[in-house]
Each structure stands twice: as C-alpha cells, then as structure tokens.
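A quick write-up on the structure given underneath.
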Amino acid sequence: MKRGRAIAAASMIMLASSTLYATHSDIAFSPAVPRYGGQVTEIGASDGKGGVHRFRARQVGPYYAPARFPPGELRGWRLTFVGGKRFAKTFEVMSNTDYEFVVKALNDPFDGVAVNDMFLVEDINAAEPIK
Amino acid sequence: MKWSCTVAAFLLLVSSSLLAQGGRTPSDVVDAFHKALRNLDTAGALSLLDRGLVVYEFGIVDPTVESYGLRHMPHDMDLARATSWKLETRRTGGEGNDRWVLSTYRVTGKTVDSRPIDHTTLETVILRRSGANFRIVHVHWSTSDTSFQAEIQRQRLSEEPPATR
C-alpha cells in the first residue's frame, strides 16, 4: 500500500514537473528539446580511460526549467560549452547528479575547461522532425 | 596565350582564396547560422560566432557570446524550429576583413498556443574575417509586428543573467 502511494506520488511529481517545463505561460514557442544551462563550479580528474571526465556545476537556466539538474536523467544528452577554452565543443553526458556530471569527450579533449565556464546540455534525441 | 594564362592564374587565385575561407562568403555564413539554429546544431551555430559577439535582439542586448549562447540562442532555435523564414531581400557590403549583410525575411508559423505568426523580420549582421573564415560579430533583429516583438522581449527578459540566480 505504501509502495503504491509512493509510486502515485512520484508520478504526480513527474507529471507536474513536465507540465511546468512544457507549458509555462510566458513561452511563445515550445522548447524544441529539453535543455538546461549550467556553469562549471569544480573540475574533477579524468578517469584515465580515454577521455571521461567529471566536473561539478550549478544550474543557471533556462527560466522555465526545473531549478536543479534531474539526477540520473541526463545520460546521453549533448553538452556544449558556450564559453571558455572549449567554446562550441561538444561532449556526451555519461551520468549526472543534481550537481555533478561525468562526460565523455567526442571529438575534442576536455582539457582547458575551467570553473565558471558555461554550457548547454540538451536532449537532442527528443527533437521532433521539422514539419 | 599569355592573356589566357593570366586569366587562369587570376581565377586560380580567387578560387583558392575562397577555398581558404571554406568557400563561405559572408552571405553563406549568415545562411549557415540560420540553418544551424533550425537544425538545433548548437556547436555549429556557435562556431560561426566571433568571441566578441554582441547581439541586439528585439530590444534586448546580449553583451557577450556566452550571454547569447546560454540565454537567448536556445530561444532562437525554438523560434527557428517553429517558424519558416523566407529570405525576401538581401544587400551585402563592406570590404577587406569587415563585411555586412542586410536581410529581410518573411516569417510564418504558429506560437505554442496556435496563434498565427506572419511578419517581416529585419536582420543586420556584421562579420569579421577571423583566420580563414568570416565570423559574426554583431546581429541586430527587429520585426514589423510590435505585439510579437513585445512578447519575445518579455520572454527573453525573464532570463536573468546567471550571476544573479
């Protein structure tokens, strides 16, 4: 019984958060993909196994998104730096918590990413085809 | 014979110069930027922007490329995805490393609550040669539809600078 209530409560929260994300009254256009903005707060060490890196970050937008990164839900999302030495370079999220990311280098090394660098993380696979 | 050799050498010089720029004229760069926005190609769009970019967009200023990339470029992607931009007029100019491209577009589509969009967007783009390529250093967008402009402005003003959050 308790388990059933917990599942129902979790479902309600998920539904509420997705509704909040998708239908904020100030949005003229639906977000083409789910996305978050982030700012690097701490750089971790590479795991030494070919370009997997760990860093910490805080969520900085967009305003219609939930206030925190959803733990475990950004795996496979595309992470692109909008500033810093890795400007316009893209990485793949391997795992995340609400404040920590593990990313895999795709075409470019992670070296040079610094505290305060800004990035976008986007679920590019969720994009609908252009009509 | 001598004349044809001179012409051939000139053509070779011009074509090699274009190839050195990746074959992209300033107009090509503007078109590629719009295409990247519509294709949700974040890295591709950013790669066409100069690190000194300043954007004036519907009455809002993005003073840095980071500000634009984080706060407003995503909205431009959403807008590009939801609307069709038909190029109506274009003028180009400038010389040397500094060029400009003036364009007007007929923009049509629908908002999230199905209100129709049908207006003209005016675009000024200034580009600067950076190495082998032209990159965008300034964009200024405005529209003939004052209510649309006000709506976009309100939405974008909702994005506080990251430092204040």
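By order in the structure tokens, chains are A, B, ...; within a chain, residues start at 1; ligands start at 1, following the order shown.
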Which chain B residues are at most 10 Å from chain A (counting only C-alpha atoms), as a ChimeraX atom specification? /B:38-49,51,64-72,74-84,110-115,148,151-152,154-156,158-165
Do a neighbour search on Leu102 in chain B at 12 Å with only C-alpha atoms, toss out local chain neighbours closer than 3 positions, and write the hits as a PyMOL selection string. chain B and resi 26-27+30-31+87-94+99+105+121-127+138-141
12 Å contact set for Glu42 in chain A, only C-alpha atoms, chain neighbours under 2 positions out, as a PDB file with C-alpha atoms, in the first residue's frame:
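Done, and the output landed in around-v3.pdb:
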```pdb
ATOM      1  CA  GLN A  39      28.061  26.762 -15.004  1.00  0.00           C
ATOM      2  CA  VAL A  40      31.103  24.738 -14.001  1.00  0.00           C
ATOM      3  CA  GLY A  44      37.439  16.689 -11.273  1.00  0.00           C
ATOM      4  CA  ALA A  45      40.134  14.419 -12.546  1.00  0.00           C
ATOM      5  CA  HIS A  53      35.778  13.492 -17.169  1.00  0.00           C
ATOM      6  CA  ARG A  54      33.974  14.521 -14.024  1.00  0.00           C
ATOM      7  CA  PHE A  55      33.005  18.041 -13.000  1.00  0.00           C
ATOM      8  CA  ARG A  56      30.556  19.846 -10.779  1.00  0.00           C
ATOM      9  CA  ALA A  57      28.150  22.511 -11.941  1.00  0.00           C
ATOM     10  CA  ARG A  58      25.179  24.601 -10.974  1.00  0.00           C
ATOM     11  CA  TYR A  99      25.351  18.937  -9.176  1.00  0.00           C
ATOM     12  CA  GLU A 100      27.844  16.592 -10.820  1.00  0.00           C
ATOM     13  CA  PHE A 101      28.444  15.426 -14.379  1.00  0.00           C
ATOM     14  CA  VAL A 113      37.517  23.555 -19.283  1.00  0.00           C
ATOM     15  CA  ALA A 114      37.608  25.847 -16.252  1.00  0.00           C
ATOM     16  CA  VAL A 115      35.482  26.926 -13.309  1.00  0.00           C
ATOM     17  CA  ASN A 116      32.759  29.395 -14.393  1.00  0.00           C
ATOM     18  CA  ASP A 117      32.630  28.092 -17.962  1.00  0.00           C
TER      19      ASP A 117
END
```
CA of Val54 in chain B to CA of Arg68 in chain A, distance in Å rounded to a single decimal: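 Those two atoms sit 28.9 Å apart.
Note that DSSP on the backbone gives strand (DSSP E or B) to these residues of range 67-109 of chain B: Thr83, Ser84, Trp85, Lys86, Leu87, Glu88, Thr89, Arg90, Arg91, Thr92, Gly93, Gly94, Glu95, Asp98, Arg99, Trp100, Val101, Leu102, Ser103, Thr104, Tyr105, Arg106, Val107, Thr108 and Gly109 of chain B.
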Would you mind telling me which residue in A:Val52, A:Ile43, A:Leu106, A:Ala126 lies nearest to Met94 in chain A when using only C-alpha atoms?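 For Met94 in chain A, the nearest of the candidates is A:Val52.
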What is the distance, in Å and to one decimal place, between CA of Gly76 in chain A and CA of Ala32 in chain B? 26.2 Å
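From CA of Lys85 in chain A back to CA of Glu73 in chain A, the distance works out to 26.8 Å.
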Distance query Arg75 in chain A at most 10 Å, only C-alpha atoms, self and fewer than 5 positions along chain excluded, as a PDB file with C-alpha atoms, in the first residue's frame:
```pdb
ATOM      1  CA  GLU A  92      28.255  13.404 -24.183  1.00  0.00           C
ATOM      2  CA  VAL A  93      26.834  13.065 -20.692  1.00  0.00           C
ATOM      3  CA  MET A  94      27.541   9.618 -19.266  1.00  0.00           C
ATOM      4  CA  SER A  95      25.893  10.199 -15.886  1.00  0.00           C
ATOM      5  CA  ASN A  96      24.809  13.039 -13.613  1.00  0.00           C
ATOM      6  CA  PHE A 101      28.444  15.426 -14.379  1.00  0.00           C
ATOM      7  CA  VAL A 102      30.517  12.686 -15.927  1.00  0.00           C
ATOM      8  CA  VAL A 103      31.056  13.374 -19.622  1.00  0.00           C
ATOM      9  CA  ASP A 123      18.342  16.068 -25.089  1.00  0.00           C
TER      10      ASP A 123
END
```
List every residue of range 3-124 of chain B that DSSP, applied to the backbone of this structure, places in helix (DSSP H, G or I), and write the result as number ranges by chain. B: 3-20, 26-38, 42-46, 65-82
